[in-house]
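The next block is run05.cif, given as mmCIF, C-alpha atoms and all ligand atoms.
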data_run
loop_
_atom_site.label_atom_id
_atom_site.label_comp_id
_atom_site.auth_asym_id
_atom_site.auth_seq_id
_atom_site.Cartn_x
_atom_site.Cartn_y
_atom_site.Cartn_z
CA MET A 1 75.25 182.32 256.92
CA LYS A 2 76.96 185.71 257.14
CA LYS A 3 74.98 188.37 255.28
CA ASP A 4 76.19 191.28 253.18
CA ILE A 5 74.66 194.70 253.75
CA LEU A 6 75.47 197.33 251.15
CA ILE A 7 74.66 200.97 251.91
CA LEU A 8 74.84 203.56 249.14
CA GLY A 9 75.39 207.10 250.34
CA ALA A 10 76.93 208.41 253.56
CA GLY A 11 74.64 211.35 254.20
CA TYR A 12 72.39 211.46 257.25
CA GLY A 13 70.37 208.40 256.17
CA GLY A 14 73.36 206.30 255.11
CA ILE A 15 75.68 206.96 258.02
CA LEU A 16 72.90 206.32 260.55
CA SER A 17 71.88 203.14 258.69
CA ALA A 18 75.47 201.86 258.97
CA MET A 19 75.73 202.70 262.68
CA SER A 20 72.34 201.25 263.46
CA ALA A 21 72.90 198.06 261.40
CA ARG A 22 76.13 197.41 263.29
CA GLU A 23 74.36 198.02 266.60
CA HIS A 24 71.82 195.32 265.71
CA LEU A 25 74.06 192.83 263.90
CA SER A 26 77.44 191.57 265.07
CA ASN A 27 80.45 191.28 262.82
CA ALA A 28 79.89 187.50 262.75
CA GLU A 29 76.34 188.03 261.45
CA ALA A 30 76.89 190.65 258.75
CA ASN A 31 79.46 192.46 256.65
CA ILE A 32 78.53 196.09 256.23
CA THR A 33 79.86 198.09 253.28
CA LEU A 34 79.21 201.80 252.90
CA VAL A 35 79.82 203.40 249.51
CA ASN A 36 80.13 207.16 249.19
CA ARG A 37 81.31 209.58 246.51
CA THR A 38 83.63 211.36 248.95
CA SER A 39 85.52 210.22 252.04
CA ASN A 40 83.49 212.66 254.17
CA HIS A 41 80.10 212.71 255.83
CA GLN A 42 78.87 216.20 254.96
CA ILE A 43 76.77 218.26 257.36
CA ILE A 44 74.70 219.79 254.60
CA THR A 45 72.47 221.73 257.01
CA GLU A 46 75.54 223.95 257.67
CA LEU A 47 76.76 224.40 254.09
CA HIS A 48 75.45 227.98 253.89
CA ARG A 49 78.00 228.92 256.52
CA LEU A 50 80.88 227.36 254.55
CA ALA A 51 79.65 229.08 251.37
CA ALA A 52 80.05 232.47 253.07
CA GLY A 53 83.37 231.60 254.72
CA ASN A 54 81.88 231.61 258.19
CA VAL A 55 82.96 228.12 259.23
CA SER A 56 85.90 225.85 258.48
CA GLU A 57 85.55 222.90 256.12
CA LYS A 58 86.50 220.58 258.97
CA ALA A 59 83.30 221.51 260.78
CA VAL A 60 81.09 220.32 257.93
CA ALA A 61 83.10 217.49 256.33
CA LEU A 62 83.70 214.68 258.81
CA PRO A 63 85.97 211.79 257.77
CA ILE A 64 83.75 208.72 257.46
CA ASP A 65 86.47 206.30 258.53
CA LYS A 66 86.92 208.18 261.80
CA LEU A 67 83.17 208.33 262.43
CA LEU A 68 82.90 204.58 261.90
CA LYS A 69 86.09 203.70 263.74
CA ASP A 70 85.56 200.46 265.75
CA LYS A 71 82.29 199.76 263.93
CA ASP A 72 83.67 197.20 261.47
CA VAL A 73 82.18 198.94 258.46
CA ASN A 74 83.99 198.63 255.15
CA VAL A 75 84.08 202.15 253.67
CA VAL A 76 84.41 202.39 249.89
CA VAL A 77 84.98 205.78 248.29
CA GLY A 78 83.52 205.63 244.81
CA GLU A 79 80.70 206.69 242.57
CA VAL A 80 77.78 204.36 241.93
CA ALA A 81 77.30 203.60 238.22
CA THR A 82 74.45 201.06 238.15
CA ILE A 83 72.14 199.39 240.62
CA ASP A 84 70.89 195.94 239.59
CA VAL A 85 68.07 195.12 241.99
CA GLU A 86 67.24 191.83 240.23
CA GLY A 87 70.85 190.56 240.19
CA LYS A 88 71.46 192.08 243.69
CA LYS A 89 74.59 193.83 242.54
CA VAL A 90 75.88 197.41 242.42
CA SER A 91 78.63 198.56 240.04
CA LEU A 92 80.86 201.51 240.67
CA LYS A 93 82.34 203.85 238.08
CA ASN A 94 85.83 202.50 238.86
CA GLY A 95 84.71 199.15 237.39
CA SER A 96 84.36 197.26 240.69
CA SER A 97 81.08 195.75 241.84
CA GLN A 98 79.49 194.72 245.13
CA ARG A 99 76.80 192.10 245.74
CA TYR A 100 74.34 192.25 248.62
CA ASP A 101 71.74 190.43 250.66
CA ALA A 102 70.23 193.75 251.78
CA LEU A 103 70.70 197.08 250.04
CA VAL A 104 70.18 200.52 251.56
CA LEU A 105 69.57 203.34 249.13
CA ALA A 106 70.49 206.61 250.81
CA LEU A 107 71.69 208.63 247.83
CA GLY A 108 69.89 211.87 248.67
CA SER A 109 68.29 214.28 246.24
CA GLU A 110 69.37 216.25 243.19
CA THR A 111 68.86 219.85 242.18
CA ASN A 112 65.66 220.43 240.22
CA TYR A 113 66.08 223.02 237.46
CA PHE A 114 62.45 222.62 236.30
CA GLY A 115 63.64 222.80 232.68
CA ILE A 116 64.28 226.55 232.97
CA PRO A 117 66.42 227.46 229.93
CA GLY A 118 70.05 228.28 230.71
CA LEU A 119 69.65 227.86 234.46
CA GLN A 120 71.79 224.77 234.99
CA GLU A 121 74.61 226.04 232.76
CA ASN A 122 74.73 229.48 234.35
CA SER A 123 74.22 228.93 238.07
CA LEU A 124 75.94 227.57 241.12
CA VAL A 125 74.19 225.26 243.59
CA LEU A 126 74.61 224.47 247.29
CA LYS A 127 74.37 220.70 247.66
CA SER A 128 77.83 219.68 248.85
CA VAL A 129 81.02 220.88 250.53
CA ALA A 130 82.59 221.27 247.07
CA ASP A 131 79.63 223.46 245.99
CA ALA A 132 79.97 225.61 249.12
CA ASN A 133 83.71 226.09 248.54
CA ARG A 134 82.96 226.98 244.92
CA ILE A 135 80.42 229.64 245.97
CA PHE A 136 82.79 231.18 248.51
CA ALA A 137 85.70 231.32 246.05
CA HIS A 138 83.40 232.75 243.36
CA VAL A 139 81.94 235.44 245.62
CA ARG A 140 85.41 236.62 246.66
CA GLU A 141 86.55 236.65 243.02
CA ARG A 142 83.57 238.77 242.00
CA ILE A 143 84.18 241.33 244.75
CA LYS A 144 87.87 241.43 243.87
CA ALA A 145 86.97 241.90 240.18
CA TYR A 146 84.48 244.65 241.05
CA ALA A 147 87.20 246.54 242.92
CA GLN A 148 89.08 246.77 239.61
CA SER A 149 86.34 246.90 236.99
CA LYS A 150 83.46 248.65 238.78
CA ASN A 151 81.30 246.43 236.55
CA LYS A 152 77.92 246.38 238.31
CA ALA A 153 77.36 242.71 237.31
CA ASP A 154 80.29 241.72 239.55
CA ALA A 155 78.60 243.41 242.51
CA THR A 156 75.20 241.83 241.80
CA PHE A 157 74.23 238.54 243.42
CA VAL A 158 71.06 236.58 242.70
CA ILE A 159 69.83 233.72 244.83
CA GLY A 160 66.99 231.90 243.05
CA GLY A 161 64.55 230.28 245.50
CA GLY A 162 63.37 231.51 248.89
CA GLY A 163 63.13 228.15 250.66
CA LEU A 164 65.33 227.32 253.63
CA THR A 165 68.47 226.83 251.53
CA GLY A 166 68.21 230.18 249.74
CA VAL A 167 67.28 232.19 252.83
CA GLU A 168 69.99 230.65 255.01
CA LEU A 169 72.59 231.31 252.31
CA ILE A 170 71.60 234.94 251.75
CA GLY A 171 71.53 235.56 255.52
CA GLU A 172 75.10 234.34 255.81
CA LEU A 173 76.24 236.33 252.75
CA ALA A 174 74.61 239.48 254.13
CA ASP A 175 76.72 239.03 257.28
CA GLU A 176 80.01 238.16 255.58
CA LEU A 177 80.01 240.35 252.47
CA PRO A 178 80.72 243.65 254.27
CA ALA A 179 84.04 242.25 255.58
CA ILE A 180 84.97 240.76 252.19
CA CYS A 181 84.14 244.10 250.55
CA SER A 182 86.28 246.08 252.95
CA GLN A 183 89.15 243.65 252.36
CA TYR A 184 89.11 244.66 248.68
CA GLY A 185 88.28 248.32 249.25
CA VAL A 186 84.71 247.96 247.95
CA ASP A 187 81.84 249.93 249.47
CA TYR A 188 79.20 247.42 250.68
CA SER A 189 76.46 249.81 249.58
CA ASP A 190 77.52 249.07 245.96
CA ILE A 191 76.48 245.43 246.43
CA SER A 192 73.10 244.27 245.19
CA LEU A 193 71.96 241.13 247.00
CA ASN A 194 68.72 239.75 245.53
CA LEU A 195 66.53 236.88 246.64
CA VAL A 196 64.13 235.89 243.85
CA GLU A 197 61.15 233.74 244.83
CA ALA A 198 58.40 232.40 242.55
CA MET A 199 55.72 232.34 245.24
CA ALA A 200 54.17 235.30 247.05
CA THR A 201 56.27 234.66 250.13
CA ILE A 202 59.58 233.16 251.23
CA LEU A 203 59.65 230.34 253.81
CA PRO A 204 55.96 229.36 253.59
CA MET A 205 56.38 226.77 256.37
CA PHE A 206 56.50 229.59 258.97
CA SER A 207 53.77 231.88 260.31
CA PRO A 208 53.30 235.30 258.61
CA GLU A 209 54.84 236.95 261.71
CA LEU A 210 58.01 234.87 261.51
CA ILE A 211 58.25 235.39 257.75
CA GLN A 212 58.00 239.15 258.27
CA ARG A 213 60.66 238.90 260.98
CA ALA A 214 63.00 237.17 258.50
CA VAL A 215 62.28 239.69 255.72
CA THR A 216 62.86 242.71 258.00
CA SER A 217 66.07 241.28 259.43
CA LEU A 218 67.52 240.54 255.99
CA GLU A 219 66.35 243.81 254.41
CA LYS A 220 68.16 245.71 257.16
CA ARG A 221 71.35 243.98 256.03
CA GLY A 222 70.86 244.92 252.38
CA VAL A 223 68.85 242.03 250.93
CA GLU A 224 66.26 242.85 248.31
CA PHE A 225 63.32 240.46 247.94
CA LEU A 226 61.67 239.89 244.58
CA THR A 227 58.65 237.69 245.29
CA SER A 228 55.92 236.32 242.99
CA LEU A 229 58.60 236.46 240.31
CA PRO A 230 59.75 233.08 239.00
CA ILE A 231 63.04 233.00 237.14
CA THR A 232 62.09 232.04 233.58
CA GLU A 233 65.47 232.02 231.84
CA VAL A 234 69.17 232.61 232.42
CA LYS A 235 71.22 233.58 229.38
CA GLY A 236 74.89 234.09 230.21
CA ASN A 237 74.75 236.51 233.13
CA VAL A 238 71.24 237.81 232.41
CA VAL A 239 68.48 236.45 234.65
CA THR A 240 64.99 236.97 233.25
CA LEU A 241 61.97 237.08 235.57
CA LYS A 242 58.34 236.31 234.78
CA ASP A 243 57.30 239.95 234.46
CA GLY A 244 59.90 240.43 231.73
CA ARG A 245 62.44 242.36 233.77
CA SER A 246 66.01 241.13 233.89
CA ILE A 247 68.93 241.29 236.30
CA THR A 248 72.50 241.19 235.05
CA ALA A 249 74.50 239.31 237.67
CA ASN A 250 77.83 237.54 237.56
CA THR A 251 76.70 235.35 240.46
CA VAL A 252 73.53 233.25 240.33
CA VAL A 253 72.98 230.57 242.95
CA TRP A 254 70.03 228.28 242.31
CA THR A 255 68.27 227.00 245.44
CA GLY A 256 64.87 226.60 243.80
CA GLY A 257 64.13 222.97 244.58
CA VAL A 258 65.17 219.35 244.79
CA GLN A 259 64.03 216.14 243.13
CA GLY A 260 64.64 212.42 243.63
CA ASN A 261 67.94 210.78 242.80
CA ALA A 262 68.11 209.60 239.14
CA LEU A 263 70.00 206.37 239.98
CA VAL A 264 67.27 205.36 242.40
CA ALA A 265 64.48 206.50 240.09
CA ASN A 266 65.81 204.34 237.25
CA CYS A 267 67.00 201.20 239.06
CA GLY A 268 63.74 199.27 238.72
CA ILE A 269 62.15 199.69 242.14
CA GLU A 270 58.79 201.43 242.40
CA VAL A 271 58.98 205.22 242.51
CA ASN A 272 56.54 208.08 242.83
CA ARG A 273 57.65 211.20 240.94
CA GLY A 274 61.23 209.96 241.01
CA ARG A 275 61.38 209.07 244.70
CA ALA A 276 61.24 205.46 245.94
CA THR A 277 58.01 204.35 247.56
CA VAL A 278 58.33 202.46 250.85
CA ASN A 279 56.18 200.41 253.19
CA ALA A 280 55.86 201.23 256.88
CA GLY A 281 59.13 199.39 257.59
CA LEU A 282 60.99 201.50 254.97
CA GLN A 283 61.42 198.60 252.53
CA SER A 284 60.91 199.30 248.84
CA THR A 285 57.27 198.56 248.00
CA THR A 286 58.47 196.21 245.23
CA HIS A 287 61.81 194.85 246.53
CA PRO A 288 61.85 193.74 250.19
CA ASP A 289 65.65 193.40 250.24
CA VAL A 290 65.98 197.11 249.33
CA PHE A 291 65.62 199.60 252.19
CA LEU A 292 65.40 203.36 251.83
CA ALA A 293 66.73 206.19 253.98
CA GLY A 294 66.58 209.93 253.37
CA ASP A 295 65.58 212.16 250.48
CA CYS A 296 65.66 209.53 247.72
CA ALA A 297 62.52 207.98 249.25
CA VAL A 298 59.08 209.46 249.67
CA VAL A 299 57.29 208.85 252.96
CA PHE A 300 53.63 209.79 253.24
CA GLY A 301 52.20 211.10 256.51
CA PRO A 302 48.81 210.10 257.93
CA ASP A 303 47.19 212.95 255.96
CA GLY A 304 48.41 211.33 252.71
CA ARG A 305 50.89 214.13 252.02
CA PRO A 306 54.62 213.45 251.61
CA TYR A 307 56.91 214.54 254.43
CA PRO A 308 59.48 217.17 253.37
CA PRO A 309 62.95 215.77 252.66
CA THR A 310 64.77 216.92 255.78
CA ALA A 311 67.88 215.90 257.71
CA GLN A 312 65.88 215.02 260.83
CA LEU A 313 63.74 212.60 258.82
CA ALA A 314 66.76 211.05 257.07
CA TRP A 315 68.46 210.52 260.44
CA GLN A 316 65.41 208.76 261.89
CA MET A 317 64.91 206.68 258.74
CA GLY A 318 68.54 205.52 258.88
CA GLU A 319 68.23 204.39 262.49
CA LEU A 320 65.10 202.38 261.73
CA VAL A 321 66.53 200.87 258.55
CA GLY A 322 69.51 199.43 260.47
CA ALA A 323 67.21 197.80 263.01
CA ASN A 324 64.77 196.57 260.35
CA ILE A 325 67.50 194.92 258.27
CA ALA A 326 68.41 192.87 261.35
CA ALA A 327 64.73 191.93 261.80
CA TYR A 328 64.46 191.08 258.09
CA PHE A 329 67.44 188.69 258.26
CA ARG A 330 66.01 187.05 261.38
CA GLY A 331 62.54 186.68 259.89
CA ALA A 332 61.12 188.92 262.64
CA LYS A 333 58.46 191.61 262.29
CA LEU A 334 59.75 194.96 261.05
CA ALA A 335 59.03 198.06 263.13
CA ASP A 336 56.93 200.83 261.57
CA PHE A 337 58.45 204.22 260.86
CA ALA A 338 57.01 206.75 263.32
CA PRO A 339 58.89 210.01 262.81
CA VAL A 340 59.18 212.57 265.57
CA PHE A 341 59.24 216.17 264.33
CA SER A 342 61.22 218.55 266.48
CA GLY A 343 60.27 221.55 264.35
CA THR A 344 61.99 223.78 261.80
CA LEU A 345 64.77 226.28 262.41
CA ALA A 346 66.08 228.76 259.86
CA SER A 347 69.31 230.60 260.37
CA LEU A 348 69.32 234.22 259.16
CA GLY A 349 73.05 234.79 259.55
CA ARG A 350 75.50 234.54 262.41
CA LYS A 351 73.26 235.79 265.21
CA ASP A 352 69.73 235.72 263.91
CA GLY A 353 67.17 233.08 263.11
CA ILE A 354 63.57 232.01 263.33
CA GLY A 355 62.07 228.73 264.37
CA SER A 356 58.95 226.82 265.13
CA VAL A 357 59.78 224.04 267.59
CA GLY A 358 58.17 221.24 269.55
CA ALA A 359 54.82 219.56 269.06
CA THR A 360 52.97 222.84 269.66
CA GLY A 361 55.13 224.88 267.29
CA ILE A 362 56.58 227.32 269.82
CA GLU A 363 57.92 230.27 267.84
CA LEU A 364 61.48 231.47 268.33
CA ARG A 365 63.18 234.50 266.87
CA GLY A 366 66.61 236.13 267.12
CA VAL A 367 69.37 234.74 269.32
CA PRO A 368 67.25 231.94 270.90
CA ALA A 369 66.46 230.56 267.43
CA SER A 370 70.08 230.91 266.39
CA LEU A 371 71.29 229.14 269.54
CA MET A 372 68.68 226.42 269.13
CA LYS A 373 69.93 225.80 265.59
CA LYS A 374 73.51 225.52 266.87
CA ALA A 375 72.34 223.19 269.66
CA SER A 376 70.50 221.04 267.16
CA ASN A 377 73.69 220.68 265.10
CA ALA A 378 75.77 219.93 268.22
CA ARG A 379 73.22 217.31 269.25
CA TYR A 380 73.50 215.61 265.87
CA LEU A 381 77.30 215.71 265.94
CA SER A 382 77.50 214.26 269.41
CA HIS A 383 74.99 211.60 268.38
CA ILE A 384 77.22 210.43 265.56
CA HIS A 385 80.31 210.89 267.75
CA GLY A 386 81.61 213.40 265.25
CA LEU A 387 82.80 216.03 267.68
CA TYR A 388 86.23 214.57 268.21
CA THR A 389 87.01 214.55 264.49
CA MET A 390 86.80 218.34 264.29
CA ALA A 391 89.22 221.08 265.10
CA TYR A 392 87.37 224.38 265.31
P1 LIG B 1 62.56 224.17 248.57
O1 LIG B 1 61.91 223.37 247.50
O2 LIG B 1 62.08 224.01 249.94
O3 LIG B 1 62.47 225.74 248.20
C1 LIG B 1 62.69 226.19 246.87
C2 LIG B 1 62.03 227.55 246.68
O4 LIG B 1 62.32 227.98 245.36
C3 LIG B 1 60.52 227.52 246.80
O5 LIG B 1 60.11 228.55 247.67
C4 LIG B 1 60.04 227.75 245.38
O6 LIG B 1 58.81 228.46 245.30
C5 LIG B 1 61.17 228.56 244.79
N1 LIG B 1 61.22 228.47 243.34
C6 LIG B 1 60.94 227.39 242.56
N2 LIG B 1 61.04 227.72 241.25
C7 LIG B 1 61.42 229.01 241.19
C8 LIG B 1 61.73 229.91 240.13
N3 LIG B 1 61.62 229.55 238.84
N4 LIG B 1 62.13 231.17 240.44
C9 LIG B 1 62.23 231.55 241.73
N5 LIG B 1 61.94 230.75 242.76
C10 LIG B 1 61.56 229.49 242.51
O7 LIG B 1 64.14 223.83 248.43
P2 LIG B 1 65.27 224.00 249.55
O8 LIG B 1 65.19 225.31 250.23
O9 LIG B 1 66.54 223.65 248.87
O10 LIG B 1 64.92 222.87 250.61
C11 LIG B 1 64.91 221.49 250.22
C12 LIG B 1 64.55 220.63 251.43
O11 LIG B 1 65.61 220.69 252.38
C13 LIG B 1 63.29 221.10 252.13
O12 LIG B 1 62.55 219.99 252.54
C14 LIG B 1 63.81 221.84 253.32
O13 LIG B 1 62.92 221.77 254.42
C15 LIG B 1 65.14 221.14 253.62
N6 LIG B 1 66.08 222.10 254.22
C16 LIG B 1 65.98 222.32 255.56
C17 LIG B 1 66.81 223.24 256.16
C18 LIG B 1 66.63 223.52 257.65
O14 LIG B 1 65.93 222.76 258.31
N7 LIG B 1 67.17 224.59 258.19
C19 LIG B 1 67.77 223.95 255.42
C20 LIG B 1 67.85 223.70 254.04
C21 LIG B 1 66.99 222.77 253.45
#

Can you give me the file's structure in the form of structure tokens?
Amino acid sequence: MKKDILILGAGYGGILSAMSAREHLSNAEANITLVNRTSNHQIITELHRLAAGNVSEKAVALPIDKLLKDKDVNVVVGEVATIDVEGKKVSLKNGSSQRYDALVLALGSETNYFGIPGLQENSLVLKSVADANRIFAHVRERIKAYAQSKNKADATFVIGGGGLTGVELIGELADELPAICSQYGVDYSDISLNLVEAMATILPMFSPELIQRAVTSLEKRGVEFLTSLPITEVKGNVVTLKDGRSITANTVVWTGGVQGNALVANCGIEVNRGRATVNAGLQSTTHPDVFLAGDCAVVFGPDGRPYPPTAQLAWQMGELVGANIAAYFRGAKLADFAPVFSGTLASLGRKDGIGSVGATGIELRGVPASLMKKASNARYLSHIHGLYTMAY
């Protein structure tokens, strides 16, 4: 009998699950439905560039229907309201519902505010195309306002969190702000661009040499680093740090961490700290008809530590999930997830970056790292056949 596959989320994990499921199951064997909040597949690894106005929206928001053209996937734009894993049914906020024989949860992660008072209410985040557009519009508005008011708070920017998201965003802003300033007749030297990090160092996944390279490159472009200084409170436009000092800034972007997706955490499958636990075949440990792809799941490596929630992992999980759903329907053995890590690349603006690539962790800095990051994005886009949907 024809099966129904329902995939929630069209990020890296979801879109690859849909493509892979269709590769392994014909239209006569399975209906595939993909539900997503927006009609676009968002290239979130490039959002920092959109947030600084350095790339067009078309380059990071690819129409899902075009990507899945000829794949016989039913695309539903809507927001998931409830997931009933016992009744095998998902309801959307528009009142409609979808039943399934196999469900893929690929709903990504959510911002973690760690309960810091005032932070959520008084900060911007960078999790979606809409967020990136909001940051860009806000930054321009603040510079424009500063040109009139000379209010220092309008010229002060705080990025909270020195992980990859925060560093990539501040690198892009450091490149783009001088031009925005000159457009409004503002002297760039009036701008205060702060990266606040709780730990002793930014980007702890890199070697001390690469971290220093990133710090020096960004400091040269006006970034000030405040490390070992967790943000403890944000009241209006006043950001308080652990040592008691405060920064008055009309722009605060919070990039301090992510957590599992609440819908997934509360749907009744087994979770570990809010992220779904999976077996080697990426099935829920409690519900074999529920498969997981991307950040809403936690996958433990051979050392017992969870892998970081990255795009490259989500992509590989999605591909395996599609194949394993076909095996599950056929009563065949599921393949084990065996991720391949190509390394980590951090962009530091238009022409600079650092990276640690390959199995041996070859270190890259400057233009080679920057080019490698662009190549990695191009490789992904060509893999999902997204290139033709864009007009640069
Ligand atoms: P993260 O959790 O990796 O980094 C958050 C940073 O915020 C940490 O350094 C943390 O110490 C700091 N922080 C936490 N609380 C703080 C506080 N109160 N005050 C100041 N700083 C605080 O989050 P992320 O950078 O958003 O990354 C999330 C995931 O996405 C990671 O797995 C990352 O590898 C991945 N990612 C990858 C890329 C890339 O490959 N280029 C880009 C972006 C994100």

Using all atoms of ligand LIG 1 (chain B) listed in the file and a margin of 3 Å per side, can you give the axis-aligned box centre and edge lengths in Å to one decimal, as lines of an AutoDock Vina configuration file?
center_x = 63.3
center_y = 225.8
center_z = 248.6
size_x = 15.0
size_y = 17.6
size_z = 25.5

Can you pull out every residue within 8 Å of Ser342 in chain A, counting all atoms listed in the file, but drop anything in the same chain fewer than 5 positions away, and send it as number ranges by chain? A: 357-359

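Every residue within 8 Å of the file position (77.6, 236.5, 238.9), judged by only C-alpha atoms, is given as Arg142, Ala153, Asp154, Ala155, Thr156, Phe157, Val158, Asn237, Thr248, Ala249, Asn250, Thr251 and Val252 of chain A.
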
Ligand LIG 1 (chain B): which residues are within 6 Å, counting all atoms listed in the file? Reply as a PDB file with C-alpha atoms, in the frame of the given file.
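This went into result.pdb:
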ATOM      1  CA  THR A  45      72.470 221.730 257.010  1.00  0.00           C
ATOM      2  CA  GLY A 160      66.990 231.900 243.050  1.00  0.00           C
ATOM      3  CA  GLY A 161      64.550 230.280 245.500  1.00  0.00           C
ATOM      4  CA  GLY A 162      63.370 231.510 248.890  1.00  0.00           C
ATOM      5  CA  GLY A 163      63.130 228.150 250.660  1.00  0.00           C
ATOM      6  CA  LEU A 164      65.330 227.320 253.630  1.00  0.00           C
ATOM      7  CA  THR A 165      68.470 226.830 251.530  1.00  0.00           C
ATOM      8  CA  GLY A 166      68.210 230.180 249.740  1.00  0.00           C
ATOM      9  CA  VAL A 196      64.130 235.890 243.850  1.00  0.00           C
ATOM     10  CA  GLU A 197      61.150 233.740 244.830  1.00  0.00           C
ATOM     11  CA  ALA A 198      58.400 232.400 242.550  1.00  0.00           C
ATOM     12  CA  MET A 199      55.720 232.340 245.240  1.00  0.00           C
ATOM     13  CA  ILE A 202      59.580 233.160 251.230  1.00  0.00           C
ATOM     14  CA  PRO A 230      59.750 233.080 239.000  1.00  0.00           C
ATOM     15  CA  ILE A 231      63.040 233.000 237.140  1.00  0.00           C
ATOM     16  CA  THR A 232      62.090 232.040 233.580  1.00  0.00           C
ATOM     17  CA  THR A 255      68.270 227.000 245.440  1.00  0.00           C
ATOM     18  CA  GLY A 256      64.870 226.600 243.800  1.00  0.00           C
ATOM     19  CA  GLY A 257      64.130 222.970 244.580  1.00  0.00           C
ATOM     20  CA  VAL A 258      65.170 219.350 244.790  1.00  0.00           C
ATOM     21  CA  PRO A 308      59.480 217.170 253.370  1.00  0.00           C
ATOM     22  CA  PRO A 309      62.950 215.770 252.660  1.00  0.00           C
ATOM     23  CA  THR A 310      64.770 216.920 255.780  1.00  0.00           C
ATOM     24  CA  THR A 344      61.990 223.780 261.800  1.00  0.00           C
ATOM     25  CA  LEU A 345      64.770 226.280 262.410  1.00  0.00           C
ATOM     26  CA  ALA A 346      66.080 228.760 259.860  1.00  0.00           C
TER      27      ALA A 346
END

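Here CA of Arg245 in chain A stands at a distance of 16.3 Å from CA of Gly118 in chain A.
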
Around (70.7, 242.6, 246.0), as given in the file, which residues come within 10 Å? Count all atoms listed in the file and list them as number ranges by chain. A: 155-159, 170, 174, 189-196, 219, 222-226, 247, 249

In Å, with one decimal, what is the gap from CA of Ala326 in chain A to CA of Ala262 in chain A? 27.8 Å

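For range 289-301 of chain A, the list of residues within 6 Å, based on only C-alpha atoms and with local chain neighbours fewer than 5 positions off taken out, reads A:Gly13, A:Ala102, A:Leu103, A:Val104, A:Leu105, A:Ala106, A:Gly108, A:Ser109, A:Gly260, A:Asn261, A:Arg275, A:Ala276, A:Thr277, A:Leu282, A:Gln283, A:Ser284, A:Pro306, A:Tyr307, A:Pro309, A:Ala314, A:Met317, A:Gly318.
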
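A straight line drawn from CA of Asn40 in chain A to CA of Ser347 in chain A is 23.7 Å long.
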
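Closest approach to Ser56 in chain A among A:Ile325, A:Leu124, A:Val129, A:Val253: A:Val129, based on all atoms listed in the file.
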